[in-house]
Amino acid sequence: MAMPFARRDIEAAGAGAGPGSDDSPAAKKGKPELSGARPALTRSEALAFAAVLALFTAGIFCVFLTAPRGEFGQILRLPRSLSDVRLLKDNLAVYARDYQTNFILGYCSIYIFMQTFMIPGTIFMSLLAGALFGVIKGGILVVFTATAGGSSCYFVSKLIGRPLVSWLWPEKLRYFQSEIAKRREKLLNYMLFLRITPTLPNTFINMASPIVDIPFHIFFAATLVGLIPASYITVKAGRALGDLKSVRELYDFKTLVVLFLIGSVAVVPTILKRKRTYE
């Protein structure tokens, strides 16, 4: 389904006031608070959003149903630092082993909730998955929850996110819109590059993608595949949690170079196509 936010709308929102610009239709439409059209989810998107909400509700219910009553304070808490992750690992090890299905549901629901509403701390949740489940199982869990949470954020932003994104990241939004317009024919490749590399924050990509008319199937595929390298790095670090002194150690210069090299592979077809066009 085509989104009603055209490129000229975003450009008009960032344009400076000129003679007669306030009275022009483009200028009026460019102001988020005056935009009369509200995007609607397609049927498949609405079903996916409902599934995400159902998973969140079921996960929280399972945690409350099975968690030891005297340990709610130790189990039901969001990690905010490495020390919190270490403490949670110690408190949750037995619970995650004895009630693995319920724990995974609860973990997924909390992770998705944090992603949907842009709550910081998902990197610590990823470290916790690695510490509790190992690289392979923890990696699959993180990629799934990050993709589901990003998709949920996409749906929420499609409904109500335009004014917020325009207010929080006006310059990034104009840059993102212009880059997307240049790469419409190879949009999946560009989105893969953005997901693999830290060029733009993942939170911004989740929120801005529906506003700049990125189709959900492209967003979903790029998120699912593009988050694998970073998830692997984080989950693997969770296995050696005791040796990790700072989150900054996860993405040192060497790691960033590797991520950019992997991401560059995704945009090679676009570069080659441009070269042939100029020739």
# chains A, B, ... in the order shown; residues from 1 in each chain; ligands from 1
>>> residues_around(residues="segment 111-123 of chain A", least_positions_apart="2", cutoff="7 Å", atoms="only C-alpha atoms", output="list in words")
Pro79, Arg80, Tyr107, Cys108, Ser109, Met125, Ser126, Leu127, Thr145, Ala146, Ala148, Gly149, Gly150, Ser152, Cys153 and Thr203 of chain A
>>> write_last_selection(atoms="all heavy atoms", output="compact mmCIF listing (two decimals), in the first residue's frame")
# COMPACT_ATOMS: atom_id res chain seq x y z
N PRO A 79 17.84 -4.66 32.46
CA PRO A 79 19.27 -4.39 32.66
C PRO A 79 19.66 -3.04 32.09
O PRO A 79 19.32 -2.71 30.95
CB PRO A 79 19.96 -5.53 31.90
CG PRO A 79 18.96 -5.96 30.87
CD PRO A 79 17.61 -5.73 31.48
N ARG A 80 20.36 -2.24 32.87
CA ARG A 80 20.81 -0.92 32.45
C ARG A 80 22.32 -0.80 32.38
O ARG A 80 22.85 0.23 31.94
CB ARG A 80 20.27 0.14 33.42
CG ARG A 80 18.76 0.22 33.49
CD ARG A 80 18.20 0.71 32.19
NE ARG A 80 16.76 0.94 32.24
CZ ARG A 80 16.02 1.30 31.21
NH1 ARG A 80 16.59 1.42 30.02
NH2 ARG A 80 14.74 1.50 31.33
N TYR A 107 11.17 -13.14 27.77
CA TYR A 107 12.31 -12.40 27.21
C TYR A 107 11.92 -11.72 25.91
O TYR A 107 12.20 -10.54 25.70
CB TYR A 107 13.47 -13.37 26.98
CG TYR A 107 14.68 -12.74 26.32
CD1 TYR A 107 15.71 -12.22 27.09
CD2 TYR A 107 14.78 -12.68 24.93
CE1 TYR A 107 16.82 -11.64 26.49
CE2 TYR A 107 15.88 -12.10 24.32
CZ TYR A 107 16.90 -11.59 25.10
OH TYR A 107 17.99 -11.01 24.49
N CYS A 108 11.26 -12.48 25.02
CA CYS A 108 10.87 -11.92 23.73
C CYS A 108 9.91 -10.74 23.90
O CYS A 108 10.04 -9.71 23.23
CB CYS A 108 10.20 -13.00 22.86
SG CYS A 108 11.32 -14.28 22.27
N SER A 109 8.95 -10.90 24.80
CA SER A 109 7.95 -9.84 24.98
C SER A 109 8.59 -8.57 25.50
O SER A 109 8.26 -7.46 25.06
CB SER A 109 6.84 -10.32 25.91
OG SER A 109 7.35 -10.60 27.19
N MET A 125 20.12 -6.72 26.90
CA MET A 125 19.28 -7.90 26.73
C MET A 125 19.95 -8.91 25.78
O MET A 125 19.86 -10.13 25.98
CB MET A 125 17.92 -7.50 26.17
CG MET A 125 17.07 -6.66 27.11
SD MET A 125 16.42 -7.61 28.51
CE MET A 125 15.17 -8.60 27.70
N SER A 126 20.63 -8.40 24.76
CA SER A 126 21.35 -9.27 23.82
C SER A 126 22.51 -9.97 24.52
O SER A 126 22.77 -11.16 24.30
CB SER A 126 21.85 -8.46 22.63
OG SER A 126 20.77 -7.86 21.94
N LEU A 127 23.24 -9.22 25.35
CA LEU A 127 24.32 -9.82 26.12
C LEU A 127 23.79 -10.91 27.04
O LEU A 127 24.42 -11.97 27.20
CB LEU A 127 25.04 -8.74 26.94
CG LEU A 127 25.91 -7.76 26.17
CD1 LEU A 127 26.31 -6.59 27.07
CD2 LEU A 127 27.15 -8.44 25.62
N THR A 145 13.87 -11.51 18.04
CA THR A 145 13.22 -10.45 18.83
C THR A 145 13.54 -9.06 18.29
O THR A 145 12.67 -8.19 18.29
CB THR A 145 13.66 -10.55 20.30
OG1 THR A 145 15.09 -10.61 20.38
CG2 THR A 145 13.08 -11.78 20.97
N ALA A 146 14.75 -8.85 17.82
CA ALA A 146 15.10 -7.55 17.26
C ALA A 146 14.31 -7.27 15.99
O ALA A 146 13.87 -6.13 15.75
CB ALA A 146 16.60 -7.48 16.98
N ALA A 148 11.31 -8.65 15.22
CA ALA A 148 9.92 -8.46 15.62
C ALA A 148 9.72 -7.09 16.27
O ALA A 148 8.73 -6.39 15.98
CB ALA A 148 9.49 -9.57 16.58
N GLY A 149 10.65 -6.69 17.11
CA GLY A 149 10.54 -5.38 17.76
C GLY A 149 10.68 -4.24 16.77
O GLY A 149 9.95 -3.23 16.85
N GLY A 150 11.60 -4.38 15.81
CA GLY A 150 11.75 -3.36 14.78
C GLY A 150 10.50 -3.26 13.91
O GLY A 150 10.07 -2.16 13.54
N SER A 152 7.43 -4.05 14.84
CA SER A 152 6.39 -3.42 15.66
C SER A 152 6.57 -1.90 15.71
O SER A 152 5.60 -1.14 15.62
CB SER A 152 6.42 -4.01 17.07
OG SER A 152 5.43 -3.44 17.88
N CYS A 153 7.82 -1.48 15.84
CA CYS A 153 8.12 -0.04 15.83
C CYS A 153 7.74 0.58 14.49
O CYS A 153 7.24 1.71 14.43
CB CYS A 153 9.59 0.17 16.14
SG CYS A 153 10.08 1.90 16.37
N THR A 203 17.22 2.65 15.80
CA THR A 203 15.95 3.25 16.25
C THR A 203 15.42 4.22 15.21
O THR A 203 14.21 4.22 14.90
CB THR A 203 16.16 3.97 17.59
OG1 THR A 203 16.59 3.03 18.58
CG2 THR A 203 14.86 4.61 18.05
>>> atom_distance(atom1="atom CA of Ile136 of chain A", atom2="atom CA of Glu45 of chain A")
29.2 Å
>>> closest_residue(among="A:Ile205, A:Val52, A:Leu164, A:Val156", to="Ile180 of chain A", atoms="only C-alpha atoms")
A:Ile205
>>> residues_around(residues="segment 257-268 of chain A", least_positions_apart="3", cutoff="8 Å", atoms="only C-alpha atoms", output="PyMOL selection string")
chain A and resi 189-190+192-194+196-197+229-230+253-254+271-272
>>> write_last_selection(atoms="N, CA, C and O atoms", output="CSV table (one decimal), in the first residue's frame")
chain,number,residue,atom,x,y,z
A,189,ASN,N,19.4,-3.6,-1.1
A,189,ASN,CA,20.8,-3.5,-0.9
A,189,ASN,C,21.2,-2.4,0.1
A,189,ASN,O,22.1,-2.6,0.9
A,190,TYR,N,20.6,-1.2,-0.2
A,190,TYR,CA,20.9,-0.1,0.7
A,190,TYR,C,20.5,-0.3,2.1
A,190,TYR,O,21.2,0.0,3.0
A,192,LEU,N,20.2,-3.1,3.6
A,192,LEU,CA,21.1,-4.1,4.2
A,192,LEU,C,22.3,-3.4,4.7
A,192,LEU,O,22.9,-3.7,5.8
A,193,PHE,N,22.9,-2.5,3.9
A,193,PHE,CA,24.1,-1.8,4.2
A,193,PHE,C,23.8,-1.0,5.5
A,193,PHE,O,24.7,-1.0,6.4
A,194,LEU,N,22.7,-0.3,5.6
A,194,LEU,CA,22.4,0.5,6.8
A,194,LEU,C,22.2,-0.4,8.1
A,194,LEU,O,22.6,0.0,9.2
A,196,ILE,N,23.6,-3.4,8.6
A,196,ILE,CA,24.9,-4.1,9.0
A,196,ILE,C,25.8,-3.1,9.6
A,196,ILE,O,26.5,-3.4,10.6
A,197,THR,N,25.9,-1.9,9.0
A,197,THR,CA,26.8,-0.9,9.5
A,197,THR,C,26.2,0.1,10.5
A,197,THR,O,24.9,0.3,10.4
A,229,PRO,N,25.1,-9.9,11.8
A,229,PRO,CA,26.5,-9.7,12.2
A,229,PRO,C,26.6,-9.0,13.6
A,229,PRO,O,27.4,-9.5,14.5
A,230,ALA,N,25.9,-7.9,13.8
A,230,ALA,CA,26.0,-7.2,15.1
A,230,ALA,C,25.4,-8.1,16.2
A,230,ALA,O,26.0,-8.1,17.3
A,253,PHE,N,37.6,-0.5,16.8
A,253,PHE,CA,37.9,-0.1,15.4
A,253,PHE,C,37.9,-1.3,14.4
A,253,PHE,O,37.4,-1.2,13.3
A,254,LYS,N,38.5,-2.4,14.9
A,254,LYS,CA,38.6,-3.5,14.0
A,254,LYS,C,37.2,-4.1,13.7
A,254,LYS,O,36.9,-4.5,12.6
A,271,ILE,N,26.6,0.0,-7.1
A,271,ILE,CA,27.7,0.7,-7.6
A,271,ILE,C,28.0,0.3,-9.1
A,271,ILE,O,28.3,1.1,-9.9
A,272,LEU,N,28.0,-1.0,-9.3
A,272,LEU,CA,28.3,-1.6,-10.6
A,272,LEU,C,27.2,-1.1,-11.7
A,272,LEU,O,27.6,-0.8,-12.8
>>> atom_distance(atom1="atom CA of Ile110 of chain A", atom2="atom CA of Ile60 of chain A")
7.6 Å
>>> residues_around(residues="Arg86 of chain A", least_positions_apart="3", cutoff="12 Å", atoms="only C-alpha atoms", output="count of residues only")
27
>>> closest_residue(among="A:Glu185, A:Phe216, A:Leu256, A:Arg97", to="Phe49 of chain A", atoms="only C-alpha atoms")
A:Phe216
>>> atom_distance(atom1="atom CA of Tyr232 of chain A", atom2="atom CA of Gly139 of chain A")
5.9 Å
>>> decode(residues="segment 123-161 of chain A", atoms="N, CA and C atoms", output="PDB file, in the first residue's frame")
ATOM      1  N   ILE A 123      20.751  -3.713  24.048  1.00  0.00           N
ATOM      2  CA  ILE A 123      22.084  -4.315  23.904  1.00  0.00           C
ATOM      3  C   ILE A 123      22.415  -5.176  25.119  1.00  0.00           C
ATOM      4  N   PHE A 124      21.947  -4.763  26.302  1.00  0.00           N
ATOM      5  CA  PHE A 124      22.174  -5.572  27.499  1.00  0.00           C
ATOM      6  C   PHE A 124      21.306  -6.824  27.482  1.00  0.00           C
ATOM      7  N   MET A 125      20.119  -6.715  26.896  1.00  0.00           N
ATOM      8  CA  MET A 125      19.279  -7.904  26.726  1.00  0.00           C
ATOM      9  C   MET A 125      19.948  -8.910  25.781  1.00  0.00           C
ATOM     10  N   SER A 126      20.632  -8.399  24.762  1.00  0.00           N
ATOM     11  CA  SER A 126      21.348  -9.272  23.825  1.00  0.00           C
ATOM     12  C   SER A 126      22.515  -9.968  24.516  1.00  0.00           C
ATOM     13  N   LEU A 127      23.235  -9.224  25.348  1.00  0.00           N
ATOM     14  CA  LEU A 127      24.324  -9.824  26.117  1.00  0.00           C
ATOM     15  C   LEU A 127      23.791 -10.915  27.044  1.00  0.00           C
ATOM     16  N   LEU A 128      22.637 -10.663  27.652  1.00  0.00           N
ATOM     17  CA  LEU A 128      22.033 -11.638  28.548  1.00  0.00           C
ATOM     18  C   LEU A 128      21.664 -12.918  27.804  1.00  0.00           C
ATOM     19  N   ALA A 129      21.164 -12.791  26.580  1.00  0.00           N
ATOM     20  CA  ALA A 129      20.827 -13.967  25.781  1.00  0.00           C
ATOM     21  C   ALA A 129      22.058 -14.808  25.506  1.00  0.00           C
ATOM     22  N   GLY A 130      23.165 -14.152  25.192  1.00  0.00           N
ATOM     23  CA  GLY A 130      24.400 -14.891  24.967  1.00  0.00           C
ATOM     24  C   GLY A 130      24.903 -15.569  26.216  1.00  0.00           C
ATOM     25  N   ALA A 131      24.782 -14.884  27.357  1.00  0.00           N
ATOM     26  CA  ALA A 131      25.253 -15.446  28.621  1.00  0.00           C
ATOM     27  C   ALA A 131      24.435 -16.662  29.039  1.00  0.00           C
ATOM     28  N   LEU A 132      23.127 -16.655  28.741  1.00  0.00           N
ATOM     29  CA  LEU A 132      22.247 -17.733  29.190  1.00  0.00           C
ATOM     30  C   LEU A 132      22.115 -18.878  28.194  1.00  0.00           C
ATOM     31  N   PHE A 133      22.172 -18.576  26.899  1.00  0.00           N
ATOM     32  CA  PHE A 133      21.850 -19.592  25.893  1.00  0.00           C
ATOM     33  C   PHE A 133      22.980 -19.911  24.927  1.00  0.00           C
ATOM     34  N   GLY A 134      24.080 -19.190  24.964  1.00  0.00           N
ATOM     35  CA  GLY A 134      25.166 -19.463  24.044  1.00  0.00           C
ATOM     36  C   GLY A 134      25.028 -18.699  22.736  1.00  0.00           C
ATOM     37  N   VAL A 135      26.002 -18.882  21.860  1.00  0.00           N
ATOM     38  CA  VAL A 135      26.081 -18.087  20.641  1.00  0.00           C
ATOM     39  C   VAL A 135      24.967 -18.432  19.648  1.00  0.00           C
ATOM     40  N   ILE A 136      24.756 -19.707  19.371  1.00  0.00           N
ATOM     41  CA  ILE A 136      23.793 -20.091  18.330  1.00  0.00           C
ATOM     42  C   ILE A 136      22.359 -19.839  18.792  1.00  0.00           C
ATOM     43  N   LYS A 137      21.977 -20.445  19.891  1.00  0.00           N
ATOM     44  CA  LYS A 137      20.607 -20.290  20.386  1.00  0.00           C
ATOM     45  C   LYS A 137      20.326 -18.839  20.778  1.00  0.00           C
ATOM     46  N   GLY A 138      21.286 -18.223  21.460  1.00  0.00           N
ATOM     47  CA  GLY A 138      21.110 -16.826  21.843  1.00  0.00           C
ATOM     48  C   GLY A 138      21.068 -15.907  20.646  1.00  0.00           C
ATOM     49  N   GLY A 139      21.883 -16.211  19.613  1.00  0.00           N
ATOM     50  CA  GLY A 139      21.884 -15.393  18.406  1.00  0.00           C
ATOM     51  C   GLY A 139      20.551 -15.449  17.678  1.00  0.00           C
ATOM     52  N   ILE A 140      19.989 -16.658  17.555  1.00  0.00           N
ATOM     53  CA  ILE A 140      18.684 -16.806  16.913  1.00  0.00           C
ATOM     54  C   ILE A 140      17.619 -16.029  17.687  1.00  0.00           C
ATOM     55  N   LEU A 141      17.683 -16.122  19.009  1.00  0.00           N
ATOM     56  CA  LEU A 141      16.712 -15.424  19.854  1.00  0.00           C
ATOM     57  C   LEU A 141      16.802 -13.914  19.678  1.00  0.00           C
ATOM     58  N   VAL A 142      18.018 -13.385  19.644  1.00  0.00           N
ATOM     59  CA  VAL A 142      18.206 -11.940  19.513  1.00  0.00           C
ATOM     60  C   VAL A 142      17.767 -11.444  18.134  1.00  0.00           C
ATOM     61  N   VAL A 143      18.134 -12.169  17.090  1.00  0.00           N
ATOM     62  CA  VAL A 143      17.743 -11.753  15.737  1.00  0.00           C
ATOM     63  C   VAL A 143      16.219 -11.770  15.592  1.00  0.00           C
ATOM     64  N   PHE A 144      15.584 -12.804  16.126  1.00  0.00           N
ATOM     65  CA  PHE A 144      14.122 -12.881  16.042  1.00  0.00           C
ATOM     66  C   PHE A 144      13.454 -11.726  16.793  1.00  0.00           C
ATOM     67  N   THR A 145      13.869 -11.506  18.039  1.00  0.00           N
ATOM     68  CA  THR A 145      13.223 -10.454  18.834  1.00  0.00           C
ATOM     69  C   THR A 145      13.537  -9.064  18.293  1.00  0.00           C
ATOM     70  N   ALA A 146      14.754  -8.852  17.818  1.00  0.00           N
ATOM     71  CA  ALA A 146      15.101  -7.547  17.260  1.00  0.00           C
ATOM     72  C   ALA A 146      14.308  -7.266  15.986  1.00  0.00           C
ATOM     73  N   THR A 147      14.112  -8.301  15.171  1.00  0.00           N
ATOM     74  CA  THR A 147      13.324  -8.133  13.947  1.00  0.00           C
ATOM     75  C   THR A 147      11.857  -7.883  14.271  1.00  0.00           C
ATOM     76  N   ALA A 148      11.314  -8.654  15.218  1.00  0.00           N
ATOM     77  CA  ALA A 148       9.919  -8.457  15.620  1.00  0.00           C
ATOM     78  C   ALA A 148       9.721  -7.091  16.265  1.00  0.00           C
ATOM     79  N   GLY A 149      10.654  -6.685  17.111  1.00  0.00           N
ATOM     80  CA  GLY A 149      10.542  -5.382  17.757  1.00  0.00           C
ATOM     81  C   GLY A 149      10.677  -4.236  16.769  1.00  0.00           C
ATOM     82  N   GLY A 150      11.602  -4.376  15.812  1.00  0.00           N
ATOM     83  CA  GLY A 150      11.749  -3.355  14.777  1.00  0.00           C
ATOM     84  C   GLY A 150      10.500  -3.262  13.909  1.00  0.00           C
ATOM     85  N   SER A 151       9.898  -4.416  13.607  1.00  0.00           N
ATOM     86  CA  SER A 151       8.673  -4.426  12.804  1.00  0.00           C
ATOM     87  C   SER A 151       7.523  -3.764  13.554  1.00  0.00           C
ATOM     88  N   SER A 152       7.429  -4.048  14.841  1.00  0.00           N
ATOM     89  CA  SER A 152       6.388  -3.424  15.659  1.00  0.00           C
ATOM     90  C   SER A 152       6.573  -1.904  15.711  1.00  0.00           C
ATOM     91  N   CYS A 153       7.820  -1.475  15.836  1.00  0.00           N
ATOM     92  CA  CYS A 153       8.117  -0.043  15.835  1.00  0.00           C
ATOM     93  C   CYS A 153       7.743   0.580  14.492  1.00  0.00           C
ATOM     94  N   TYR A 154       7.997  -0.145  13.421  1.00  0.00           N
ATOM     95  CA  TYR A 154       7.626   0.303  12.068  1.00  0.00           C
ATOM     96  C   TYR A 154       6.119   0.559  11.987  1.00  0.00           C
ATOM     97  N   PHE A 155       5.328  -0.381  12.510  1.00  0.00           N
ATOM     98  CA  PHE A 155       3.876  -0.245  12.452  1.00  0.00           C
ATOM     99  C   PHE A 155       3.396   0.954  13.273  1.00  0.00           C
ATOM    100  N   VAL A 156       3.951   1.098  14.475  1.00  0.00           N
ATOM    101  CA  VAL A 156       3.552   2.219  15.332  1.00  0.00           C
ATOM    102  C   VAL A 156       3.911   3.544  14.672  1.00  0.00           C
ATOM    103  N   SER A 157       5.112   3.611  14.088  1.00  0.00           N
ATOM    104  CA  SER A 157       5.535   4.837  13.432  1.00  0.00           C
ATOM    105  C   SER A 157       4.679   5.142  12.212  1.00  0.00           C
ATOM    106  N   LYS A 158       4.254   4.100  11.509  1.00  0.00           N
ATOM    107  CA  LYS A 158       3.408   4.308  10.334  1.00  0.00           C
ATOM    108  C   LYS A 158       2.086   4.958  10.722  1.00  0.00           C
ATOM    109  N   LEU A 159       1.614   4.643  11.914  1.00  0.00           N
ATOM    110  CA  LEU A 159       0.346   5.193  12.378  1.00  0.00           C
ATOM    111  C   LEU A 159       0.499   6.592  12.979  1.00  0.00           C
ATOM    112  N   ILE A 160       1.485   6.773  13.859  1.00  0.00           N
ATOM    113  CA  ILE A 160       1.552   8.015  14.635  1.00  0.00           C
ATOM    114  C   ILE A 160       2.950   8.625  14.713  1.00  0.00           C
ATOM    115  N   GLY A 161       3.924   8.086  13.965  1.00  0.00           N
ATOM    116  CA  GLY A 161       5.311   8.488  14.186  1.00  0.00           C
ATOM    117  C   GLY A 161       5.810   9.694  13.426  1.00  0.00           C
TER     118      GLY A 161
END
